[in-house]
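Notes to accompany the following structure.
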Amino acid sequence: MKAMMISIAALVACGSPLPPKELVDAREAYLKAQSGPAQKFVPAELHVAGESLAVAEKAFTDDAKSQDAIDDAYIALRKIQRAVALGEAAEAEDAKTRADREAGRTQREMLSSEEQKLRATQGELAKERESVEKAREETAAEHAARLAAEKKAQDAMDALAKTLAVRKEDRGTVITLSGGVLFATGKADILPGAQTQLNQVAEALKTQAEHHFTVTGHTDNQGTDAINDDLSTRRANAVRDYLVVHGVSADAITAQGMGSHQPVADNHTAEGRAMNRRVEIVVDPDKR
Amino acid sequence: MSKTLIWFFATALAFGCGGAPKPEARLSSDEGAIRGAKEGGADNVPEAQLELTLATEQRQKALDLIQSGDNHRAEMMLARSEADAELALALARAAAAKADAQRAEDSVESLKRKADQ
């Protein structure tokens, strides 16, 4: 540019005519275009424009004042501008291609990320489903086990009811054992003949391990309360101990003597007194 | 009549009694360039539209010059018109390409924002 200005100044100094504005503009535009996108993207178009500029320069050299020189410079300028525009178009197309490629890459990355999330969610769902299924199976198994246990308990109580007095009351299922069968008069030692019954009771209670049992000893009203209270307590404890020895949990069973305070029959008759001499085992209706 | 004289008269006849021939080829190529610029959307891009207007005006001047018998000036005017029309088409292409590139870049930015969310 500087060299061009010097040349122009020299020409002016020598009295040569000034180049037309079109030629000056074309020269500047060409110089600028050589460092722009046209040089990189459309070098052939820029070369053609350069040839047009050479034609314009020659026309100016041949006849500086001719209209042809102005026209050729005008045409050269347009061709240079065209090369610049085409260079910019190619540069924009290149930018678009890169952007499209990047968009594709970003979309693929997003898709991949979504797929990973989906797989993770699917995995979590599968685990959740497995967990729910397992819980359902466990619940079903527990339910079945409970039903089986309840049936077993009921069967045991039904079997017991065939040989012993078993009845349902508000305080629970009450198993009544005759005192005359269990103990000798005035004693608290279990008679050998009572062991079969007690063994049956122990087996039945073991099927209801979730419940609490209360063994209560009762006497008739013969003798003093002190004697009867003590006797009934010892008898209740004897039965409790026997049942514990035969597999009933010690934590689940308690014993107490009620003496003659809770008769179930008339103490004026021998039959009534026999009924009052008894041991009751109450199965608590609530679970422990 | 000498051979040289015959050549002189023949040439004069061919060039319209001393003038340049009617620039048929340039008329045709200029017409094609103007049509191409219009089809390329030059009418819709302000800077391209200006060049297209110049091209059309100069073509009209060229037609007037042909009418008045100045075929040489007409040819130069047509060359200017054609250069203007070709520039108009290039400007239209550049504007469209730049708009496409901008849209593509905006789309990438939008995707990246989505991906970051």
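Just so we're on the same page: first chain in the structure tokens is A, next is B, and so on; residues restart at 1 for each chain, and ligands are numbered from 1 in the order they show up.
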Closest pair table for chain A residues within 10 Å of chain B, only C-alpha atoms, as CSV:
```
residue,atom,partner,partner_atom,distance
A:Gln67,CA,B:Arg73,CA,8.7
A:Asp68,CA,B:Met76,CA,7.3
A:Asp71,CA,B:Met76,CA,6.7
A:Asp72,CA,B:Met76,CA,8.2
A:Ala73,CA,B:Arg80,CA,9.8
A:Tyr74,CA,B:Arg80,CA,7.0
A:Ile75,CA,B:Arg80,CA,5.5
A:Ala76,CA,B:Ala83,CA,8.4
A:Leu77,CA,B:Ala83,CA,9.0
A:Arg78,CA,B:Ala83,CA,5.8
A:Lys79,CA,B:Ala83,CA,6.4
A:Ile80,CA,B:Leu87,CA,9.0
A:Gln81,CA,B:Leu87,CA,6.8
A:Arg82,CA,B:Leu87,CA,4.7
A:Ala83,CA,B:Ala90,CA,8.0
A:Val84,CA,B:Ala90,CA,8.8
A:Ala85,CA,B:Leu91,CA,5.5
A:Leu86,CA,B:Ala90,CA,5.6
A:Gly87,CA,B:Ala94,CA,8.2
A:Glu88,CA,B:Ala94,CA,6.0
A:Ala89,CA,B:Ala94,CA,3.9
A:Ala90,CA,B:Ala97,CA,7.7
A:Glu91,CA,B:Lys98,CA,8.5
A:Ala92,CA,B:Lys98,CA,5.1
A:Glu93,CA,B:Ala97,CA,5.7
A:Asp94,CA,B:Ala101,CA,8.2
A:Ala95,CA,B:Ala101,CA,5.9
A:Lys96,CA,B:Ala101,CA,4.2
A:Thr97,CA,B:Ala101,CA,8.0
A:Arg98,CA,B:Glu105,CA,8.9
A:Ala99,CA,B:Glu105,CA,5.5
A:Asp100,CA,B:Ala104,CA,6.2
A:Arg101,CA,B:Val108,CA,9.3
A:Glu102,CA,B:Val108,CA,6.8
A:Ala103,CA,B:Val108,CA,5.0
A:Gly104,CA,B:Val108,CA,8.8
A:Arg105,CA,B:Val108,CA,9.7
A:Thr106,CA,B:Lys112,CA,6.9
A:Gln107,CA,B:Leu111,CA,7.3
A:Glu109,CA,B:Ala115,CA,8.4
A:Met110,CA,B:Ala115,CA,6.1
A:Leu111,CA,B:Ala115,CA,9.7
A:Ser113,CA,B:Ala115,CA,9.0
A:Glu114,CA,B:Ala115,CA,9.9
```
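Residue nearest B:Ala62 within the list B:Glu31, B:Leu78, B:Arg113, B:Leu50: B:Leu78 [criterion: smallest interatomic distance, only C-alpha atoms].
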*asked:* To test your reading of the structure, identify every residue in stretch 66-268 of chain A that backbone DSSP assigns to strand (DSSP E or B), and report it as a PyMOL selection string.
replied: chain A and resi 165-169+172-178+183+190+211-218+253-257
*List every residue of stretch 186-230 of chain A that DSSP, applied to the backbone of this structure, assigns to helix (DSSP H, G or I), and report them as a PyMOL selection string.*
chain A and resi 192-206+225-230
